[in-house]
file model.cif (mmCIF, C-alpha atoms)
data_target
#
loop_
_atom_site.label_atom_id
_atom_site.label_comp_id
_atom_site.auth_asym_id
_atom_site.auth_seq_id
_atom_site.Cartn_x
_atom_site.Cartn_y
_atom_site.Cartn_z
CA MET A 25 25.69 -0.35 4.88
CA LEU A 26 23.71 2.57 6.28
CA CYS A 27 22.44 1.86 9.77
CA GLY A 28 22.28 3.13 13.32
CA ARG A 29 22.06 6.90 13.57
CA THR A 30 21.66 7.63 9.85
CA ASN A 31 18.66 9.91 9.45
CA VAL A 32 16.38 9.90 6.45
CA ASN A 33 17.87 13.08 4.96
CA LYS A 34 21.41 11.69 4.96
CA PHE A 35 20.13 8.43 3.51
CA LEU A 36 18.38 10.28 0.67
CA ILE A 37 21.38 12.44 -0.19
CA GLU A 38 23.63 9.37 -0.40
CA GLU A 39 21.07 7.52 -2.53
CA GLN A 40 20.76 10.50 -4.83
CA ARG A 41 24.54 10.59 -5.33
CA ARG A 42 24.45 6.94 -6.40
CA ASN A 43 21.38 7.17 -8.62
CA PRO A 44 21.36 9.82 -11.39
CA THR A 45 17.64 9.26 -12.06
CA LEU A 46 16.86 10.90 -8.70
CA VAL A 47 17.15 14.31 -10.27
CA GLY A 48 17.43 17.75 -8.75
CA ASP A 49 15.61 18.40 -5.50
CA PHE A 50 14.26 14.89 -5.05
CA SER A 51 15.56 14.60 -1.47
CA MET A 52 13.85 17.85 -0.55
CA LEU A 53 10.53 16.54 -1.85
CA ILE A 54 10.82 13.43 0.33
CA SER A 55 11.69 15.71 3.26
CA ASP A 56 8.40 17.55 2.69
CA ILE A 57 6.53 14.22 2.64
CA VAL A 58 8.29 13.22 5.87
CA ARG A 59 7.13 16.44 7.52
CA SER A 60 3.58 15.63 6.44
CA CYS A 61 3.82 12.21 8.08
CA LYS A 62 5.21 13.69 11.30
CA ALA A 63 2.29 16.09 11.51
CA ILE A 64 -0.21 13.30 10.89
CA ALA A 65 1.52 11.09 13.48
CA GLN A 66 1.06 13.85 16.04
CA GLY A 67 -2.66 14.10 15.31
CA VAL A 68 -3.15 10.33 15.40
CA SER A 69 -1.27 10.03 18.70
CA ARG A 70 -3.42 12.65 20.42
CA GLY A 71 -6.72 11.13 19.27
CA ALA A 72 -9.63 12.18 21.44
CA LEU A 73 -7.43 14.71 23.28
CA ALA A 74 -7.25 16.73 20.05
CA GLY A 75 -10.91 16.19 19.15
CA VAL A 76 -10.00 14.47 15.87
CA LEU A 77 -11.90 11.21 16.25
CA GLY A 78 -15.20 10.43 14.54
CA ASP A 79 -16.75 11.17 11.15
CA ALA A 80 -16.21 14.42 9.32
CA GLY A 81 -19.79 14.37 8.07
CA GLY A 82 -19.06 13.92 4.37
CA GLU A 83 -17.93 11.40 1.78
CA ASN A 84 -14.80 11.21 -0.38
CA VAL A 85 -14.76 10.66 -4.13
CA GLN A 86 -15.08 6.91 -3.50
CA GLY A 87 -18.42 7.39 -1.74
CA GLU A 88 -16.86 6.41 1.60
CA ALA A 89 -17.55 8.22 4.87
CA GLN A 90 -14.65 10.51 5.71
CA LYS A 91 -13.16 10.57 9.16
CA LYS A 92 -11.99 13.87 10.63
CA LEU A 93 -8.43 12.62 10.44
CA ASP A 94 -8.87 11.72 6.75
CA VAL A 95 -9.53 15.38 6.03
CA LEU A 96 -6.76 16.66 8.32
CA ALA A 97 -4.22 14.20 6.89
CA ASN A 98 -5.08 15.24 3.34
CA GLN A 99 -4.63 18.88 4.30
CA ALA A 100 -1.28 18.07 5.94
CA PHE A 101 0.12 16.62 2.71
CA ILE A 102 -1.04 19.62 0.69
CA HIS A 103 0.21 22.15 3.24
CA HIS A 104 3.70 20.65 3.51
CA CYS A 105 4.23 19.70 -0.14
CA GLU A 106 2.61 22.34 -2.38
CA TRP A 107 4.95 25.27 -1.75
CA GLY A 108 8.46 23.83 -1.98
CA GLY A 109 8.90 24.05 -5.76
CA HIS A 110 9.50 20.31 -6.14
CA LEU A 111 6.08 19.23 -7.45
CA ALA A 112 4.23 19.79 -10.69
CA ALA A 113 0.94 18.57 -9.14
CA LEU A 114 -0.57 16.26 -6.50
CA ALA A 115 -3.31 13.63 -6.55
CA SER A 116 -5.00 12.16 -3.50
CA GLU A 117 -7.36 9.30 -2.84
CA GLU A 118 -9.53 11.83 -1.00
CA MET A 119 -9.84 14.27 -3.94
CA GLU A 120 -11.70 13.69 -7.19
CA ALA A 121 -9.37 15.67 -9.46
CA VAL A 122 -5.70 16.54 -9.72
CA TYR A 123 -4.57 19.27 -7.30
CA PRO A 124 -2.50 21.85 -9.24
CA ILE A 125 0.32 23.76 -7.61
CA PRO A 126 -1.01 27.26 -6.81
CA ALA A 127 0.26 30.01 -9.10
CA GLU A 128 2.13 31.76 -6.27
CA HIS A 129 4.41 28.75 -5.79
CA PRO A 130 7.14 27.50 -8.16
CA ARG A 131 6.50 24.25 -10.00
CA GLY A 132 8.89 21.29 -10.08
CA ARG A 133 9.35 18.04 -12.03
CA PHE A 134 7.69 15.49 -9.77
CA LEU A 135 4.15 14.18 -9.31
CA LEU A 136 2.96 13.05 -5.87
CA LEU A 137 0.14 10.57 -5.29
CA PHE A 138 -0.96 9.68 -1.77
CA ASP A 139 -3.48 7.98 0.45
CA PRO A 140 -3.33 10.38 3.40
CA LEU A 141 -4.73 7.98 5.99
CA ASP A 142 -5.02 4.31 5.13
CA GLY A 143 -7.12 2.15 7.43
CA SER A 144 -9.05 5.10 8.83
CA SER A 145 -11.89 2.79 9.91
CA ASN A 146 -9.48 1.73 12.69
CA ILE A 147 -8.97 5.24 14.08
CA ASP A 148 -11.80 5.24 16.60
CA VAL A 149 -10.72 1.87 18.06
CA ASN A 150 -7.05 2.92 18.39
CA LEU A 151 -5.54 0.41 15.95
CA SER A 152 -2.64 1.04 13.57
CA VAL A 153 -3.20 3.29 10.56
CA GLY A 154 -0.81 4.80 8.05
CA SER A 155 -0.10 7.04 5.06
CA ILE A 156 0.98 5.77 1.63
CA PHE A 157 2.73 7.77 -1.09
CA SER A 158 4.13 7.39 -4.59
CA VAL A 159 6.43 9.69 -6.59
CA LEU A 160 6.51 9.89 -10.41
CA LEU A 161 8.38 12.12 -12.84
CA CYS A 162 6.18 14.50 -14.77
CA PRO A 163 6.25 13.59 -18.49
CA ASP A 164 8.36 15.84 -20.71
CA ASP A 165 5.32 16.66 -22.83
CA CYS A 166 3.29 17.82 -19.84
CA HIS A 167 0.84 20.61 -20.67
CA PRO A 168 2.44 24.05 -20.09
CA ASP A 169 -0.49 25.07 -17.87
CA GLY A 170 0.20 22.13 -15.57
CA PRO A 171 -0.26 18.36 -15.41
CA THR A 172 -3.60 16.75 -16.12
CA ALA A 173 -4.95 13.42 -14.87
CA ALA A 174 -3.43 11.73 -17.94
CA ASP A 175 0.07 12.62 -16.74
CA PHE A 176 -0.50 10.58 -13.57
CA LEU A 177 -1.60 7.46 -15.47
CA GLN A 178 1.81 5.80 -15.51
CA THR A 179 2.52 2.17 -14.71
CA GLY A 180 3.89 1.37 -11.27
CA ALA A 181 7.18 0.33 -12.86
CA ARG A 182 7.83 4.01 -13.56
CA GLN A 183 7.66 5.09 -9.92
CA VAL A 184 10.72 6.99 -8.74
CA ALA A 185 9.98 6.30 -5.08
CA ALA A 186 7.29 4.83 -2.87
CA GLY A 187 6.75 4.57 0.84
CA TYR A 188 4.44 4.57 3.79
CA ALA A 189 4.32 5.81 7.35
CA LEU A 190 2.95 3.49 10.03
CA TYR A 191 1.36 5.12 13.07
CA GLY A 192 1.53 2.33 15.61
CA PRO A 193 3.27 1.77 18.98
CA SER A 194 6.17 3.53 17.28
CA THR A 195 5.98 5.67 14.15
CA MET A 196 7.89 4.17 11.24
CA LEU A 197 8.68 5.30 7.71
CA VAL A 198 9.30 2.60 5.12
CA LEU A 199 10.83 3.86 1.89
CA THR A 200 12.21 2.65 -1.41
CA VAL A 201 13.91 4.72 -4.09
CA GLY A 202 14.59 1.69 -6.28
CA ASN A 203 17.55 0.35 -4.31
CA GLY A 204 15.98 -1.94 -1.70
CA THR A 205 13.37 -1.23 0.95
CA HIS A 206 14.44 0.47 4.17
CA GLY A 207 12.72 1.23 7.48
CA PHE A 208 13.16 4.30 9.68
CA THR A 209 11.82 4.82 13.21
CA LEU A 210 10.80 8.23 14.52
CA ASP A 211 12.89 9.28 17.51
CA ARG A 212 10.48 11.68 19.19
CA ASP A 213 13.22 13.10 21.42
CA ILE A 214 14.99 14.67 18.43
CA GLY A 215 12.15 14.65 15.88
CA GLU A 216 14.10 12.59 13.34
CA PHE A 217 13.45 9.37 11.44
CA LEU A 218 16.49 7.16 11.99
CA LEU A 219 17.41 4.14 9.88
CA THR A 220 16.64 1.08 12.01
CA HIS A 221 15.70 -1.56 9.41
CA PRO A 222 18.06 -1.38 6.41
CA ASP A 223 17.57 -3.69 3.42
CA LEU A 224 14.30 -5.31 4.46
CA SER A 225 13.73 -8.72 2.90
CA ILE A 226 10.52 -10.74 2.65
CA VAL A 227 11.02 -14.47 3.18
CA PRO A 228 9.93 -16.38 0.04
CA GLU A 229 7.74 -18.89 1.91
CA THR A 230 5.23 -18.35 4.69
CA ARG A 231 2.63 -19.96 6.93
CA GLU A 232 0.56 -16.83 7.38
CA PHE A 233 -2.08 -15.20 5.20
CA ALA A 234 -4.37 -12.19 5.52
CA ILE A 235 -7.82 -11.94 3.96
CA ASN A 236 -11.29 -10.73 4.91
CA ALA A 237 -12.94 -14.12 5.40
CA SER A 238 -16.43 -12.59 5.57
CA ASN A 239 -16.28 -12.25 1.77
CA GLU A 240 -15.60 -15.97 1.26
CA ARG A 241 -18.81 -16.59 -0.69
CA PHE A 242 -17.90 -13.88 -3.22
CA TRP A 243 -14.32 -14.98 -3.95
CA GLU A 244 -13.13 -16.33 -7.27
CA PRO A 245 -12.46 -20.11 -7.32
CA PRO A 246 -8.63 -19.75 -7.31
CA ILE A 247 -8.80 -17.78 -4.05
CA GLN A 248 -11.29 -20.20 -2.54
CA ARG A 249 -8.96 -23.04 -3.46
CA TYR A 250 -5.88 -21.36 -1.96
CA VAL A 251 -7.54 -20.37 1.32
CA ALA A 252 -9.18 -23.79 1.68
CA GLU A 253 -5.78 -25.45 1.37
CA CYS A 254 -4.35 -23.12 4.02
CA LEU A 255 -7.25 -23.79 6.41
CA ALA A 256 -6.96 -27.54 5.93
CA GLY A 257 -3.48 -27.31 7.44
CA ARG A 258 -1.52 -30.50 8.02
CA ALA A 259 -4.47 -32.63 6.96
CA GLY A 260 -4.58 -30.97 3.53
CA VAL A 261 -2.44 -30.90 0.41
CA ARG A 262 -0.06 -28.29 1.84
CA GLY A 263 0.83 -30.49 4.81
CA ILE A 264 1.47 -27.52 7.12
CA ASP A 265 -0.62 -25.35 9.43
CA PHE A 266 -1.27 -21.69 8.56
CA ASN A 267 -2.31 -18.70 10.64
CA MET A 268 -4.82 -16.11 9.38
CA ARG A 269 -4.63 -12.38 10.10
CA TRP A 270 -6.76 -9.35 9.14
CA VAL A 271 -6.21 -5.79 10.39
CA ALA A 272 -8.21 -3.89 7.73
CA SER A 273 -5.27 -1.51 7.24
CA LEU A 274 -3.09 -2.12 4.18
CA VAL A 275 -0.13 -0.36 5.80
CA ALA A 276 -0.30 -2.62 8.87
CA GLU A 277 -0.73 -5.74 6.73
CA VAL A 278 2.26 -4.94 4.49
CA HIS A 279 4.41 -3.96 7.45
CA ARG A 280 3.79 -7.31 9.11
CA ILE A 281 4.75 -9.06 5.87
CA LEU A 282 7.98 -7.06 5.64
CA MET A 283 8.85 -7.99 9.22
CA ARG A 284 8.07 -11.73 9.16
CA GLY A 285 6.66 -12.77 5.79
CA GLY A 286 3.14 -13.64 4.74
CA VAL A 287 0.67 -13.03 1.96
CA PHE A 288 -2.07 -10.38 1.81
CA MET A 289 -5.13 -10.79 -0.42
CA TYR A 290 -7.84 -8.35 -1.37
CA PRO A 291 -8.91 -10.26 -4.48
CA ARG A 292 -11.48 -9.63 -7.14
CA ASP A 293 -14.89 -10.79 -5.95
CA SER A 294 -18.52 -10.76 -7.05
CA LYS A 295 -19.87 -8.71 -4.13
CA ASP A 296 -20.05 -5.58 -6.27
CA THR A 297 -19.64 -6.36 -9.96
CA ARG A 298 -19.06 -2.67 -10.75
CA LYS A 299 -15.69 -2.86 -9.00
CA PRO A 300 -12.96 -5.10 -10.48
CA GLY A 301 -11.08 -4.75 -7.18
CA ARG A 302 -11.23 -2.89 -3.88
CA LEU A 303 -7.86 -1.15 -3.57
CA ARG A 304 -6.80 1.88 -5.58
CA LEU A 305 -4.09 1.23 -8.14
CA LEU A 306 -2.33 4.59 -7.99
CA TYR A 307 -2.59 5.37 -4.28
CA GLU A 308 -2.29 1.92 -2.68
CA ALA A 309 -1.47 -0.98 -5.00
CA ASN A 310 1.37 0.59 -7.01
CA PRO A 311 3.39 2.03 -4.09
CA MET A 312 2.97 -1.14 -2.03
CA ALA A 313 3.91 -3.27 -5.05
CA MET A 314 7.16 -1.34 -5.45
CA ILE A 315 7.95 -1.60 -1.73
CA VAL A 316 7.29 -5.34 -1.71
CA ALA A 317 9.18 -6.00 -4.95
CA GLN A 318 12.24 -4.10 -3.70
CA ALA A 319 12.17 -6.36 -0.61
CA GLY A 320 12.18 -9.51 -2.73
CA GLY A 321 8.44 -10.17 -2.64
CA LEU A 322 5.81 -10.14 -5.37
CA ALA A 323 2.61 -8.19 -5.98
CA SER A 324 -0.01 -9.37 -8.44
CA THR A 325 -3.64 -8.96 -9.45
CA GLY A 326 -3.78 -12.74 -9.82
CA SER A 327 -3.28 -12.52 -13.56
CA GLU A 328 -0.52 -9.92 -13.98
CA ARG A 329 2.16 -8.07 -12.05
CA ILE A 330 0.67 -4.95 -10.43
CA LEU A 331 3.63 -2.83 -11.52
CA ASP A 332 2.73 -3.63 -15.16
CA VAL A 333 -0.96 -2.66 -14.94
CA ARG A 334 -1.67 0.28 -17.24
CA PRO A 335 -3.86 2.82 -15.38
CA SER A 336 -7.04 4.06 -17.02
CA SER A 337 -8.25 6.55 -14.41
CA LEU A 338 -7.09 8.36 -11.28
CA HIS A 339 -9.25 6.25 -8.96
CA GLN A 340 -9.03 2.89 -10.71
CA ARG A 341 -9.37 -0.15 -8.43
CA VAL A 342 -7.59 -3.48 -8.84
CA PRO A 343 -7.37 -6.83 -7.03
CA VAL A 344 -4.25 -7.05 -4.85
CA ILE A 345 -2.30 -10.16 -3.84
CA LEU A 346 1.15 -9.48 -2.41
CA GLY A 347 3.82 -10.80 -0.10
CA SER A 348 6.07 -13.85 0.02
CA ARG A 349 7.04 -14.66 -3.55
CA ARG A 350 6.33 -18.39 -3.68
CA GLU A 351 2.85 -18.03 -2.21
CA VAL A 352 1.92 -15.28 -4.65
CA GLU A 353 3.28 -17.38 -7.52
CA ARG A 354 1.12 -20.29 -6.33
CA ILE A 355 -1.99 -18.10 -6.37
CA GLU A 356 -1.09 -16.85 -9.86
CA ARG A 357 -0.75 -20.47 -10.98
CA TYR A 358 -4.19 -21.27 -9.59
CA HIS A 359 -5.62 -18.38 -11.62
CA ARG A 360 -3.93 -19.63 -14.81
CA GLU A 361 -5.18 -23.16 -14.25
CA HIS A 362 -8.71 -21.91 -13.63
CA GLU A 363 -8.71 -19.75 -16.74
CA ALA A 364 -7.45 -22.70 -18.79
CA GLY A 365 -10.00 -25.06 -17.23
CA GLU A 366 -7.20 -27.20 -15.84
CA ASP A 367 -8.05 -26.95 -12.15
CA GLU A 368 -9.98 -29.67 -10.39
CA PRO A 369 -13.70 -29.09 -9.74
CA PHE A 370 -14.03 -27.07 -6.55
CA LYS A 371 -17.06 -26.72 -4.35
CA SER A 372 -18.05 -23.50 -2.61
CA PRO A 373 -18.21 -22.71 0.24
CA LEU A 374 -14.68 -23.76 0.98
CA PHE A 375 -13.32 -25.44 4.12
CA SER A 376 -15.04 -22.55 5.84
CA THR A 377 -15.45 -21.01 9.24
CA ARG A 378 -18.98 -22.41 9.25
CA THR A 379 -17.53 -25.90 8.90
CA LEU A 380 -14.68 -25.34 11.34
CA PHE A 381 -16.82 -24.06 14.21
CA ARG A 382 -20.17 -25.80 13.89
CA ASP A 383 -21.61 -27.27 17.07
CA ASP A 384 -22.45 -30.79 15.90
#
call {"tool": "encode", "arguments": {"input": "model.cif", "output": "structure tokens"}}
result
Amino acid sequence: MLCGRTNVNKFLIEEQRRNPTLVGDFSMLISDIVRSCKAIAQGVSRGALAGVLGDAGGENVQGEAQKKLDVLANQAFIHHCEWGGHLAALASEEMEAVYPIPAEHPRGRFLLLFDPLDGSSNIDVNLSVGSIFSVLLCPDDCHPDGPTAADFLQTGARQVAAGYALYGPSTMLVLTVGNGTHGFTLDRDIGEFLLTHPDLSIVPETREFAINASNERFWEPPIQRYVAECLAGRAGVRGIDFNMRWVASLVAEVHRILMRGGVFMYPRDSKDTRKPGRLRLLYEANPMAMIVAQAGGLASTGSERILDVRPSSLHQRVPVILGSRREVERIERYHREHEAGEDEPFKSPLFSTRTLFRDD
């Protein structure tokens, strides 16, 4: 087992020797991504000292206010990854269209998708944020002038690799290349990510869930049912007490689940009927689904496995429910029962915060 002082480059070379699908210069591509994450970690760590806090004064393709670090993180990925000859093209949550490799650089076989700075609403209050990435092979029939958006619309099951960097008390890189999920910690003294958490495994059962409870009134009945049962604790049908968490950073939420189990939910809701979900399939849901699945967990929309969802657009959104396998399976069952009309009548609002903390 790889452990201790194994750095990420040695880990990748050994994985590539074992896995013939990791073709050519795959390890060099991941090295470029790692350099991007190191640069972003430096900017995040300096915060106000580097003048990078606050809004950038514009919006991204999603119509969301961009932070200065959103823009800088996006530029870091492009700067470190476009020139190496490993990529055919890039796509980012912060950019509307595919980013082609400039003509002066050689073009490779891989496609890179990334969310340069997840949880950026937490930047100004000094909470954990992160970067998420996904690697695909460019289709053999890719257009000779370069990949188009259609070439990126592959199911999550076809990802070659996925990972994230967590910029917290320590900087960590969590990576899967289809052979388990592994965690690396940045040793700032030598500037290397060292393998510290080999073969991460998500416990199948949990007493902890994460959801934005302020959206309770908009949730679908299966989610209302599940959360109500958790809040009822020992007095309810589950017979155990649960804890609730919410960081508003997908990277931080998933990392906690990898470390100690749990379930994360950003479900479909009726708050904005134009959006079938809140998280982006290609930049967030797919890479996290692969990471979680390789650690023994499960990721679902509620009705199907996220890795099986067929993308229809670069910025498609989906509901996301992921984490400890048995809890996700329970939520999927509640969705099936609701769709079949087999669930018991359920009143909304649920066993809610208004009920829990009323004064009378």
call {"tool": "residues_around", "arguments": {"input": "model.cif", "residues": "A:Phe288", "least_positions_apart": "3", "cutoff": "9 Å", "atoms": "all atoms listed in the file", "output": "count of residues only"}}
result
14
call {"tool": "atom_distance", "arguments": {"input": "model.cif", "atom1": "atom CA of A:Gly71", "atom2": "atom CA of A:Asp56"}}
result
23.3 Å
call {"tool": "resolve_selection", "arguments": {"input": "model.cif", "expression": "the PyMOL selection byres ((chain A and resi 297-305) around 9)", "output": "compact mmCIF listing (two decimals) with C-alpha atoms, in the coordinates of the input"}}
result
# COMPACT_ATOMS: atom_id res chain seq x y z
CA GLU A 117 -7.36 9.30 -2.84
CA GLY A 180 3.89 1.37 -11.27
CA TYR A 290 -7.84 -8.35 -1.37
CA PRO A 291 -8.91 -10.26 -4.48
CA ARG A 292 -11.48 -9.63 -7.14
CA ASP A 293 -14.89 -10.79 -5.95
CA SER A 294 -18.52 -10.76 -7.05
CA LYS A 295 -19.87 -8.71 -4.13
CA ASP A 296 -20.05 -5.58 -6.27
CA LEU A 306 -2.33 4.59 -7.99
CA TYR A 307 -2.59 5.37 -4.28
CA GLU A 308 -2.29 1.92 -2.68
CA ALA A 309 -1.47 -0.98 -5.00
CA ASN A 310 1.37 0.59 -7.01
CA PRO A 311 3.39 2.03 -4.09
CA THR A 325 -3.64 -8.96 -9.45
CA ILE A 330 0.67 -4.95 -10.43
CA VAL A 333 -0.96 -2.66 -14.94
CA PRO A 335 -3.86 2.82 -15.38
CA LEU A 338 -7.09 8.36 -11.28
CA HIS A 339 -9.25 6.25 -8.96
CA GLN A 340 -9.03 2.89 -10.71
CA ARG A 341 -9.37 -0.15 -8.43
CA VAL A 342 -7.59 -3.48 -8.84
CA PRO A 343 -7.37 -6.83 -7.03
CA VAL A 344 -4.25 -7.05 -4.85
call {"tool": "residues_near_point", "arguments": {"input": "model.cif", "point": "(-4.5, 0.6, 14.2)", "cutoff": "10 Å", "atoms": "all atoms listed in the file", "output": "number ranges by chain"}}
result
A: 68, 142-154, 190-193, 271-273, 275-276
call {"tool": "closest_residue", "arguments": {"input": "model.cif", "among": "A:Ala121, A:Ser336, A:Met196, A:Glu356", "to": "A:Asp211", "atoms": "only C-alpha atoms"}}
result
A:Met196
call {"tool": "residues_around", "arguments": {"input": "model.cif", "residues": "A:Arg182", "least_positions_apart": "4", "cutoff": "10 Å", "atoms": "all atoms listed in the file", "output": "ChimeraX atom specification"}}
result
/A:159-161,178,310,314,331-332
call {"tool": "closest_residue", "arguments": {"input": "model.cif", "among": "A:Ala364, A:Leu36, A:Val184, A:Leu114", "to": "A:Ser51", "atoms": "only C-alpha atoms"}}
result
A:Leu36
call {"tool": "residues_near_point", "arguments": {"input": "model.cif", "point": "(-0.3, -19.4, 11.7)", "cutoff": "10 Å", "atoms": "all atoms listed in the file", "output": "list in words"}}
result
Thr230, Arg231, Glu232, Phe233, Cys254, Leu255, Gly257, Ile264, Asp265, Phe266, Asn267, Met268, Arg269 and Gly286 of chain A
call {"tool": "resolve_selection", "arguments": {"input": "model.cif", "expression": "the PyMOL selection byres ((chain A and resi 171) around 9)", "output": "CSV table (one decimal) with C-alpha atoms, in the coordinates of the input"}}
result
chain,number,residue,atom,x,y,z
A,112,ALA,CA,4.2,19.8,-10.7
A,113,ALA,CA,0.9,18.6,-9.1
A,122,VAL,CA,-5.7,16.5,-9.7
A,124,PRO,CA,-2.5,21.8,-9.2
A,135,LEU,CA,4.2,14.2,-9.3
A,162,CYS,CA,6.2,14.5,-14.8
A,163,PRO,CA,6.2,13.6,-18.5
A,166,CYS,CA,3.3,17.8,-19.8
A,167,HIS,CA,0.8,20.6,-20.7
A,168,PRO,CA,2.4,24.0,-20.1
A,169,ASP,CA,-0.5,25.1,-17.9
A,170,GLY,CA,0.2,22.1,-15.6
A,172,THR,CA,-3.6,16.8,-16.1
A,173,ALA,CA,-5.0,13.4,-14.9
A,174,ALA,CA,-3.4,11.7,-17.9
A,175,ASP,CA,0.1,12.6,-16.7
A,176,PHE,CA,-0.5,10.6,-13.6
call {"tool": "resolve_selection", "arguments": {"input": "model.cif", "expression": "the PyMOL selection byres ((chain A and resi 63) around 12)", "output": "ChimeraX atom specification"}}
result
/A:56-62,64-70,93,96-104,140,155,189,191,195,210,215
call {"tool": "atom_distance", "arguments": {"input": "model.cif", "atom1": "atom CA of A:Tyr250", "atom2": "atom CA of A:His279"}}
result
22.3 Å
call {"tool": "residues_around", "arguments": {"input": "model.cif", "residues": "A:Ile54", "least_positions_apart": "5", "cutoff": "12 Å", "atoms": "all atoms listed in the file", "output": "PyMOL selection string"}}
result
chain A and resi 32-37+40+46+49+59-61+101+104-105+108+110-111+134-136+157-159+184-188+197-201
call {"tool": "atom_distance", "arguments": {"input": "model.cif", "atom1": "atom CA of A:Gly202", "atom2": "atom CA of A:Thr179"}}
result
14.7 Å
call {"tool": "build_atoms", "arguments": {"input": "model.cif", "residues": "stretch 229-243 of chain A", "atoms": "N, CA and C atoms", "output": "CSV table (one decimal), keeping the file's coordinate frame"}}
result
chain,number,residue,atom,x,y,z
A,229,GLU,N,8.8,-18.0,1.5
A,229,GLU,CA,7.7,-18.9,1.9
A,229,GLU,C,7.1,-18.4,3.2
A,230,THR,N,5.9,-18.8,3.5
A,230,THR,CA,5.2,-18.4,4.7
A,230,THR,C,4.2,-19.4,5.1
A,231,ARG,N,3.8,-19.2,6.4
A,231,ARG,CA,2.6,-20.0,6.9
A,231,ARG,C,1.6,-19.0,7.5
A,232,GLU,N,1.5,-17.8,6.9
A,232,GLU,CA,0.6,-16.8,7.4
A,232,GLU,C,-0.1,-16.1,6.2
A,233,PHE,N,-1.4,-15.9,6.3
A,233,PHE,CA,-2.1,-15.2,5.2
A,233,PHE,C,-3.1,-14.3,5.8
A,234,ALA,N,-3.4,-13.2,5.1
A,234,ALA,CA,-4.4,-12.2,5.5
A,234,ALA,C,-5.4,-12.0,4.5
A,235,ILE,N,-6.7,-12.1,4.9
A,235,ILE,CA,-7.8,-11.9,4.0
A,235,ILE,C,-9.1,-11.7,4.8
A,236,ASN,N,-10.0,-11.0,4.2
A,236,ASN,CA,-11.3,-10.7,4.9
A,236,ASN,C,-12.2,-11.9,4.7
A,237,ALA,N,-12.2,-12.8,5.6
A,237,ALA,CA,-12.9,-14.1,5.4
A,237,ALA,C,-14.4,-13.9,5.3
A,238,SER,N,-15.0,-12.8,5.7
A,238,SER,CA,-16.4,-12.6,5.6
A,238,SER,C,-16.9,-12.5,4.1
A,239,ASN,N,-15.9,-12.3,3.2
A,239,ASN,CA,-16.3,-12.2,1.8
A,239,ASN,C,-16.1,-13.6,1.1
A,240,GLU,N,-15.9,-14.6,1.8
A,240,GLU,CA,-15.6,-16.0,1.3
A,240,GLU,C,-16.5,-16.4,0.1
A,241,ARG,N,-17.8,-16.1,0.3
A,241,ARG,CA,-18.8,-16.6,-0.7
A,241,ARG,C,-18.7,-15.8,-2.0
A,242,PHE,N,-18.0,-14.7,-2.0
A,242,PHE,CA,-17.9,-13.9,-3.2
A,242,PHE,C,-16.6,-14.1,-4.0
A,243,TRP,N,-15.6,-14.8,-3.4
A,243,TRP,CA,-14.3,-15.0,-4.0
A,243,TRP,C,-14.4,-15.8,-5.3
